[in-house]
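As stored in run_4.txt (compact mmCIF, C-alpha atoms and all ligand atoms):
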```
# COMPACT_ATOMS: atom_id res chain seq x y z
CA MET A 1 13.81 -9.04 -4.48
CA ASN A 2 16.59 -11.60 -4.94
CA ASP A 3 15.09 -13.97 -7.51
CA LYS A 4 13.75 -11.22 -9.70
CA GLY A 5 16.94 -9.16 -9.18
CA THR A 6 17.82 -8.62 -12.81
CA GLN A 7 14.46 -6.96 -13.43
CA LYS A 8 14.74 -4.45 -10.63
CA ILE A 9 15.75 -0.85 -11.29
CA ALA A 10 17.11 1.35 -8.52
CA ILE A 11 18.22 4.97 -8.29
CA VAL A 12 20.82 5.88 -5.65
CA THR A 13 21.42 9.61 -5.39
CA GLY A 14 24.99 10.46 -4.44
CA GLY A 15 25.95 6.90 -5.33
CA ALA A 16 29.48 7.73 -6.50
CA SER A 17 30.96 8.20 -3.04
CA GLY A 18 30.77 7.37 0.64
CA LEU A 19 27.62 5.69 1.90
CA GLY A 20 25.89 5.98 -1.49
CA PHE A 21 28.69 4.05 -3.15
CA ALA A 22 28.39 1.26 -0.56
CA ILE A 23 24.61 1.18 -1.10
CA ALA A 24 25.07 0.99 -4.89
CA GLN A 25 27.66 -1.75 -4.41
CA LYS A 26 25.21 -3.79 -2.34
CA LEU A 27 22.43 -3.39 -4.93
CA VAL A 28 24.60 -4.31 -7.92
CA CYS A 29 25.85 -7.35 -5.96
CA LYS A 30 22.19 -8.39 -5.82
CA LYS A 31 22.02 -7.92 -9.61
CA ILE A 32 19.80 -4.88 -9.34
CA THR A 33 20.28 -2.38 -12.16
CA THR A 34 21.44 0.68 -10.24
CA ILE A 35 21.53 4.23 -11.55
CA ILE A 36 23.89 6.41 -9.54
CA VAL A 37 23.41 10.17 -9.65
CA GLY A 38 25.66 13.11 -8.87
CA ARG A 39 26.98 16.39 -10.24
CA ASN A 40 30.52 15.23 -10.98
CA ALA A 41 30.75 13.13 -14.17
CA GLN A 42 34.31 11.94 -13.54
CA LYS A 43 33.49 10.74 -10.01
CA LEU A 44 30.48 8.85 -11.38
CA GLN A 45 32.58 7.29 -14.15
CA GLU A 46 35.20 6.12 -11.65
CA ALA A 47 32.49 4.62 -9.46
CA LYS A 48 30.95 2.85 -12.43
CA SER A 49 34.30 1.31 -13.35
CA GLN A 50 34.30 -0.32 -9.91
CA LEU A 51 30.59 -1.17 -9.79
CA GLY A 52 30.39 -2.88 -13.19
CA GLU A 53 27.71 -3.65 -15.72
CA PHE A 54 24.69 -3.34 -13.42
CA CYS A 55 25.65 0.27 -12.70
CA HIS A 56 24.53 3.20 -14.85
CA ILE A 57 25.43 6.82 -14.30
CA ARG A 58 23.45 10.03 -14.66
CA VAL A 59 24.90 13.48 -14.15
CA ALA A 60 22.36 15.76 -12.48
CA ASP A 61 22.25 18.53 -9.93
CA LEU A 62 19.18 17.55 -7.94
CA THR A 63 18.75 21.07 -6.59
CA THR A 64 17.56 22.11 -10.06
CA LEU A 65 14.05 21.12 -9.10
CA GLU A 66 12.33 22.16 -12.32
CA ALA A 67 14.43 19.62 -14.29
CA ILE A 68 13.43 16.66 -12.11
CA PRO A 69 10.05 15.70 -13.69
CA ALA A 70 11.51 15.39 -17.22
CA TRP A 71 14.62 13.69 -15.82
CA VAL A 72 12.52 11.01 -14.11
CA GLU A 73 10.43 10.59 -17.25
CA MET A 74 13.62 9.95 -19.25
CA ILE A 75 14.80 7.29 -16.79
CA VAL A 76 11.44 5.53 -16.97
CA ASN A 77 11.43 5.69 -20.77
CA GLU A 78 14.91 4.19 -20.89
CA PHE A 79 14.72 1.60 -18.10
CA GLY A 80 10.98 0.88 -18.15
CA LYS A 81 10.31 1.56 -14.45
CA ILE A 82 11.83 2.50 -11.10
CA ASP A 83 11.48 -0.02 -8.28
CA VAL A 84 13.74 1.53 -5.67
CA LEU A 85 14.69 5.11 -4.87
CA VAL A 86 17.43 5.72 -2.31
CA ASN A 87 17.58 9.40 -1.37
CA ASN A 88 21.15 9.45 -0.14
CA ALA A 89 22.72 12.63 -1.64
CA GLY A 90 23.38 15.19 1.03
CA ILE A 91 25.65 18.01 2.09
CA ASN A 92 26.75 19.24 5.49
CA MET A 93 28.26 22.42 6.84
CA LYS A 94 29.84 22.94 10.26
CA LYS A 95 29.59 26.55 11.43
CA PRO A 96 28.41 28.41 14.54
CA THR A 97 24.69 29.18 14.20
CA THR A 98 25.19 32.95 14.26
CA GLU A 99 27.47 32.74 11.21
CA VAL A 100 25.18 30.68 9.00
CA THR A 101 23.72 32.88 6.27
CA ASP A 102 20.16 32.52 4.98
CA LEU A 103 21.57 31.41 1.64
CA GLU A 104 23.73 28.69 3.22
CA PHE A 105 20.78 27.48 5.28
CA GLN A 106 18.59 27.35 2.16
CA GLN A 107 21.25 25.52 0.11
CA ILE A 108 21.41 22.73 2.65
CA ILE A 109 17.63 22.50 2.91
CA GLN A 110 17.34 22.53 -0.90
CA THR A 111 19.81 19.62 -1.29
CA ASN A 112 18.93 17.50 1.73
CA LEU A 113 15.17 18.03 1.85
CA THR A 114 13.43 19.86 -0.98
CA SER A 115 15.08 17.89 -3.77
CA VAL A 116 14.27 14.68 -1.89
CA PHE A 117 10.61 15.69 -1.86
CA THR A 118 10.53 16.61 -5.56
CA LEU A 119 12.34 13.45 -6.66
CA SER A 120 10.20 11.23 -4.42
CA ARG A 121 7.00 12.85 -5.71
CA GLU A 122 7.96 12.32 -9.34
CA VAL A 123 9.26 8.77 -8.88
CA SER A 124 6.25 7.78 -6.78
CA LYS A 125 3.89 8.73 -9.64
CA HIS A 126 5.46 5.89 -11.66
CA MET A 127 5.55 3.54 -8.67
CA ILE A 128 1.84 4.19 -8.08
CA ARG A 129 1.11 3.19 -11.68
CA ALA A 130 3.16 0.01 -11.14
CA GLY A 131 1.39 -0.63 -7.82
CA GLU A 132 4.69 -1.19 -6.01
CA GLY A 133 7.96 0.43 -5.06
CA ASN A 134 10.36 1.30 -2.28
CA ILE A 135 11.77 4.58 -1.13
CA VAL A 136 14.55 4.79 1.46
CA ASN A 137 15.70 8.14 2.84
CA ILE A 138 19.00 8.68 4.62
CA SER A 139 18.81 10.68 7.82
CA SER A 140 21.44 11.12 10.54
CA MET A 141 21.99 11.06 14.29
CA ALA A 142 21.75 14.84 13.95
CA ALA A 143 17.97 14.34 13.78
CA HIS A 144 17.99 12.50 17.11
CA TYR A 145 19.93 14.83 19.35
CA GLY A 146 21.56 18.22 19.32
CA ILE A 147 24.98 18.20 17.66
CA PRO A 148 26.76 21.56 17.87
CA LYS A 149 27.35 23.78 14.81
CA VAL A 150 25.19 21.92 12.29
CA VAL A 151 21.90 23.80 12.51
CA ALA A 152 20.83 23.59 8.84
CA TYR A 153 21.88 19.97 8.48
CA THR A 154 20.00 19.06 11.67
CA ALA A 155 16.89 20.87 10.46
CA SER A 156 17.04 19.04 7.11
CA LYS A 157 17.55 15.59 8.63
CA SER A 158 14.82 16.06 11.26
CA ALA A 159 12.46 17.03 8.45
CA ILE A 160 13.45 13.97 6.41
CA GLU A 161 12.28 11.71 9.22
CA GLY A 162 8.92 13.50 9.45
CA MET A 163 8.59 13.41 5.67
CA THR A 164 9.31 9.67 5.69
CA ARG A 165 6.30 9.09 7.97
CA SER A 166 4.09 11.40 5.94
CA LEU A 167 5.05 9.80 2.61
CA ALA A 168 4.54 6.38 4.16
CA VAL A 169 0.93 7.06 5.16
CA ASP A 170 0.17 8.60 1.76
CA LEU A 171 1.92 6.01 -0.39
CA SER A 172 1.80 2.70 1.49
CA PRO A 173 -1.90 2.12 0.68
CA LEU A 174 -0.81 2.34 -2.97
CA GLY A 175 1.86 -0.36 -2.61
CA ILE A 176 4.89 1.82 -1.92
CA ARG A 177 6.88 1.36 1.28
CA VAL A 178 8.80 4.38 2.52
CA ASN A 179 11.46 4.03 5.20
CA CYS A 180 14.48 5.81 6.54
CA VAL A 181 17.94 4.79 7.74
CA ALA A 182 19.64 6.98 10.33
CA PRO A 183 23.37 6.25 10.26
CA GLY A 184 25.38 6.90 13.38
CA PHE A 185 29.11 7.58 13.24
CA ILE A 186 30.32 5.76 10.16
CA GLU A 187 33.93 5.50 9.10
CA THR A 188 34.26 7.25 5.75
CA ASN A 189 37.37 9.13 4.56
CA MET A 190 35.76 12.37 5.61
CA SER A 191 34.54 11.31 9.06
CA ALA A 192 37.79 9.47 9.86
CA ALA A 193 39.80 12.61 9.07
CA ALA A 194 37.46 14.76 11.15
CA LEU A 195 37.47 12.44 14.16
CA ASN A 196 41.17 11.61 14.05
CA SER A 197 42.02 15.31 14.10
CA ASP A 198 39.78 15.80 17.16
CA PRO A 199 40.55 12.98 19.63
CA GLU A 200 38.24 14.44 22.29
CA ARG A 201 35.26 14.26 19.91
CA LYS A 202 36.25 10.75 18.83
CA ASN A 203 36.45 9.57 22.46
CA ARG A 204 33.05 11.12 23.15
CA VAL A 205 31.53 9.31 20.16
CA LEU A 206 33.02 5.97 21.17
CA ALA A 207 32.16 6.41 24.87
CA ARG A 208 28.46 6.72 24.12
CA THR A 209 28.40 3.94 21.53
CA PRO A 210 27.60 0.66 23.32
CA MET A 211 29.30 -1.34 20.56
CA GLY A 212 32.46 0.73 21.13
CA LYS A 213 33.38 1.30 17.50
CA LEU A 214 32.48 3.29 14.41
CA GLY A 215 30.33 1.70 11.74
CA VAL A 216 31.43 1.00 8.18
CA PRO A 217 29.52 2.08 5.04
CA GLN A 218 28.53 -1.56 4.41
CA ASP A 219 26.53 -1.53 7.67
CA VAL A 220 24.36 1.23 6.22
CA ALA A 221 24.17 -0.46 2.81
CA ASN A 222 22.97 -3.72 4.36
CA ALA A 223 20.19 -1.91 6.22
CA VAL A 224 19.08 -0.04 3.10
CA TYR A 225 19.02 -3.23 1.07
CA PHE A 226 17.04 -5.00 3.79
CA LEU A 227 14.41 -2.25 3.79
CA THR A 228 14.03 -2.45 0.00
CA SER A 229 13.81 -6.24 0.00
CA ASP A 230 10.82 -8.53 0.46
CA GLU A 231 12.29 -9.44 3.88
CA ALA A 232 10.94 -6.06 5.02
CA SER A 233 7.57 -6.45 3.32
CA PHE A 234 5.54 -5.29 6.37
CA ILE A 235 7.82 -2.40 7.33
CA THR A 236 6.92 1.15 6.33
CA GLY A 237 7.34 4.57 7.89
CA ALA A 238 10.20 3.30 10.04
CA VAL A 239 13.39 5.12 10.97
CA LEU A 240 16.09 2.53 11.52
CA PRO A 241 19.19 3.70 13.40
CA VAL A 242 22.38 1.99 12.20
CA ASP A 243 24.61 3.32 14.92
CA GLY A 244 26.01 0.59 17.18
CA GLY A 245 23.55 1.80 19.83
CA ASN A 246 24.86 5.39 19.82
CA SER A 247 21.35 6.82 19.95
CA ILE A 248 20.45 4.84 23.07
CA GLY A 249 23.88 5.02 24.73
CA PHE A 250 24.21 6.89 28.02
P1 LIG B 1 29.53 12.15 0.45
O1 LIG B 1 29.89 13.60 0.44
O2 LIG B 1 30.60 11.13 0.27
O3 LIG B 1 28.43 11.87 -0.65
C1 LIG B 1 27.40 12.75 -0.95
C2 LIG B 1 27.00 12.51 -2.38
O4 LIG B 1 25.89 13.35 -2.71
C3 LIG B 1 28.12 12.80 -3.36
O5 LIG B 1 28.31 11.67 -4.19
C4 LIG B 1 27.62 14.00 -4.16
O6 LIG B 1 28.02 13.87 -5.50
C5 LIG B 1 26.10 13.87 -4.01
N1 LIG B 1 25.43 15.18 -4.10
C6 LIG B 1 25.58 16.23 -3.27
N2 LIG B 1 24.84 17.26 -3.68
C7 LIG B 1 24.20 16.85 -4.80
C8 LIG B 1 23.31 17.47 -5.72
N3 LIG B 1 22.91 18.74 -5.58
N4 LIG B 1 22.84 16.75 -6.76
C9 LIG B 1 23.24 15.47 -6.94
N5 LIG B 1 24.09 14.83 -6.12
C10 LIG B 1 24.57 15.52 -5.06
O7 LIG B 1 28.70 11.97 1.80
P2 LIG B 1 28.37 10.68 2.70
O8 LIG B 1 28.49 9.41 1.96
O9 LIG B 1 29.11 10.84 3.97
O10 LIG B 1 26.82 10.95 3.02
C11 LIG B 1 25.76 10.34 2.31
C12 LIG B 1 24.46 10.57 3.06
O11 LIG B 1 24.55 9.98 4.35
C13 LIG B 1 24.14 12.05 3.29
O12 LIG B 1 22.76 12.24 3.19
C14 LIG B 1 24.61 12.28 4.72
O13 LIG B 1 23.92 13.32 5.32
C15 LIG B 1 24.26 10.93 5.35
N6 LIG B 1 25.04 10.60 6.53
C16 LIG B 1 26.39 10.34 6.48
C17 LIG B 1 27.10 9.94 7.62
C18 LIG B 1 28.55 9.61 7.58
O14 LIG B 1 29.11 9.24 8.60
N7 LIG B 1 29.22 9.70 6.44
C19 LIG B 1 26.42 9.83 8.91
C20 LIG B 1 25.02 10.15 8.86
C21 LIG B 1 24.37 10.49 7.72
P3 LIG B 1 28.54 15.13 -6.37
O15 LIG B 1 29.50 15.89 -5.53
O16 LIG B 1 29.14 14.51 -7.59
O17 LIG B 1 27.31 15.91 -6.70
```
Since I need it in another form, could you write the structure as structure tokens?
Amino acid sequence: MNDKGTQKIAIVTGGASGLGFAIAQKLVCKKITTIIVGRNAQKLQEAKSQLGEFCHIRVADLTTLEAIPAWVEMIVNEFGKIDVLVNNAGINMKKPTTEVTDLEFQQIIQTNLTSVFTLSREVSKHMIRAGEGNIVNISSMAAHYGIPKVVAYTASKSAIEGMTRSLAVDLSPLGIRVNCVAPGFIETNMSAAALNSDPERKNRVLARTPMGKLGVPQDVANAVYFLTSDEASFITGAVLPVDGGNSIGF
């Protein structure tokens, strides 16, 4: 993708913060026009001021599924095409299973899974016409083993990995690669606060991580960029853990 960088158009959902911001930062560094999406206009504006001229912002609540087809159409009309879609936006909720309401469960599924399907379906229609494209979904270690008190989040991330494989078999013959990155324990403001306030949990995380440390958002961004690049031209349907070995640690 490097040489043709200026012609590439990417969408990063949830690109104003955390891992999405690092992913957007990586793509703009590669001179890829990157549209970051979120619900909070001010947060997007602040991110854009750091990301610079290759960054564009769009305010959208992706759980409003019925608005997505026209929204994608508008992006294509304005930017000409979409080469890369990074489905990064996601929400989590930590609560004992018996206290999770049906509405809370559905809200997490709607954000982390259903909107990813709708957006991928609409974007892939344009990619199919172009005969090429890349979709990268963001999963989690929660899809790989049982983490307590995150039942809806775990369900959504497990489904994302299955959906990645299904989309890959449907779309790869049409020129679109679909892959997934499963971050392990990554140091963001939120996770650092959570782990530092619970030293036992932090020790448990580090003890089963062969590399003995947390990751940084740039580790995830590098993996996402790799999967969207020509360096990964024969990789599709893969789930790539970026976790310092946490998922294979004993
Ligand atoms: P953040 O909370 O920092 O970022 C999530 C982003 O998603 C926000 O920018 C938010 O923007 C956006 N978002 C949420 N809901 C919607 C919506 N309905 N419509 C549009 N945008 C939305 O989280 P992280 O960076 O930590 O997480 C990013 C992804 O990585 C998630 O999918 C998460 O599950 C996954 N992940 C994170 C790990 C970590 O250690 N941080 C580990 C494993 C996986 P706004 O509020 O403006 O809408």
Grab me every residue within 8 Å of ligand LIG 1 (chain B), counting only C-alpha atoms and all ligand atoms, and send it over as a PyMOL selection string. chain A and resi 13-21+37-41+43-44+59-64+87-92+111-112+138-142+153+157+182-188+190-191+217
Which distance in Å separates atom CA of Val123 of chain A and atom CA of Ser166 of chain A, to one decimal?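 Between atom CA of Val123 of chain A and atom CA of Ser166 of chain A the gap is 15.9 Å.
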Could you give me, as a JSON list (two decimals) with C-alpha atoms, keeping the file's coordinate frame, the residues within 9 Å of Ala223 of chain A, counting all atoms listed in the file and dropping anything in the same chain fewer than 5 positions from it?
```
[["chain", "number", "residue", "atom", "x", "y", "z"],
["A", 181, "VAL", "CA", 17.94, 4.79, 7.74],
["A", 218, "GLN", "CA", 28.53, -1.56, 4.41],
["A", 228, "THR", "CA", 14.03, -2.45, 0.00],
["A", 240, "LEU", "CA", 16.09, 2.53, 11.52],
["A", 242, "VAL", "CA", 22.38, 1.99, 12.20]]
```
What does the distance between atom CA of Asp198 of chain A and atom CA of Ile23 of chain A come to in Å, to one decimal place? 27.9 Å
With a distance cut-off of 10 Å and only C-alpha atoms, select the neighbouring residues of segment 102-104 of chain A, excluding the residue or stretch itself and same-chain residues fewer than 5 positions from it, and output the selection as a PDB file with C-alpha atoms, in the coordinates of the input.
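So result34.pdb came out as:
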```pdb
ATOM      1  CA  MET A  93      28.260  22.420   6.840  1.00  0.00           C
ATOM      2  CA  ILE A 109      17.630  22.500   2.910  1.00  0.00           C
ATOM      3  CA  GLN A 110      17.340  22.530  -0.900  1.00  0.00           C
ATOM      4  CA  ALA A 152      20.830  23.590   8.840  1.00  0.00           C
TER       5      ALA A 152
END
```
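When atom CA of Ala24 of chain A is paired with atom CA of Ala159 of chain A, their separation reads 24.4 Å.
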Spatial neighbours of Ile135 of chain A, max dist 9 Å, all atoms listed in the file, sep filter under 4 positions, as a short mmCIF file (atom, residue, chain, number, x, y, z; two decimals) with C-alpha atoms, in the frame of the given file:
```
data_model
loop_
_atom_site.label_atom_id
_atom_site.label_comp_id
_atom_site.auth_asym_id
_atom_site.auth_seq_id
_atom_site.Cartn_x
_atom_site.Cartn_y
_atom_site.Cartn_z
CA ASP A 83 11.48 -0.02 -8.28
CA VAL A 84 13.74 1.53 -5.67
CA LEU A 85 14.69 5.11 -4.87
CA VAL A 86 17.43 5.72 -2.31
CA ASN A 87 17.58 9.40 -1.37
CA SER A 120 10.20 11.23 -4.42
CA SER A 124 6.25 7.78 -6.78
CA THR A 164 9.31 9.67 5.69
CA ILE A 176 4.89 1.82 -1.92
CA ARG A 177 6.88 1.36 1.28
CA VAL A 178 8.80 4.38 2.52
CA ASN A 179 11.46 4.03 5.20
CA CYS A 180 14.48 5.81 6.54
CA LEU A 227 14.41 -2.25 3.79
CA THR A 228 14.03 -2.45 0.00
#
```
So that I can check the surroundings of Gly212 of chain A, please list as a list in words every protein, DNA and RNA residue that reaches within 12 Å of it, counting all atoms listed in the file and ignoring chain neighbours fewer than 2 positions away.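 Near neighbours after the sequence-gap exclusion: Phe185, Lys202, Asn203, Arg204, Val205, Leu206, Ala207, Arg208, Thr209, Pro210, Leu214, Gly215, Asp243, Gly244, Gly245, Asn246 and Gly249 of chain A.
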Taking into account all atoms listed in the file, which residue in the set A:Lys149, A:His126, A:Arg201, A:Lys81 is nearest to Thr97 of chain A?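 Comparing A:Lys149, A:His126, A:Arg201, A:Lys81 against Thr97 of chain A, the winner is A:Lys149.
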Tell me which of A:Ala194, A:Ala22, A:Val76, A:Ser156 sits closest to Gln107 of chain A, counting only C-alpha atoms.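 Between A:Ala194, A:Ala22, A:Val76, A:Ser156, the residue approaching Gln107 of chain A most closely is A:Ser156.
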For each of A:Cys55, A:Ala238, A:Ile82, A:Leu27, take the minimum atom-to-atom distance to Glu161 of chain A, counting only C-alpha atoms, then give the residue where this is smallest.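 When distances to Glu161 of chain A are compared using only C-alpha atoms, the smallest one comes from A:Ala238.
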Could you check which of A:Ile248, A:Ala192, A:Ile108, A:Leu174 is closest to Ala130 of chain A, using all atoms listed in the file?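 Once distances to Ala130 of chain A are computed over all atoms listed in the file, the minimum belongs to A:Leu174.
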Just checking: using all atoms listed in the file, which residue out of A:Ile32, A:Glu132, A:Met211, A:Thr154 ends up closest to Ser233 of chain A? A:Glu132
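Shortest atom-to-atom contact with Val136 of chain A among A:Phe117, A:Val224, A:Lys30, A:Ser247: A:Val224, counting only C-alpha atoms.
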Residues near Ile35 of chain A, anyone? I mean within 6 Å using all atoms listed in the file, not counting same-chain ones fewer than 5 positions away, as a list in words.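 Contacts, in chain order: Ile11, Cys55, His56 and Ile57 of chain A.
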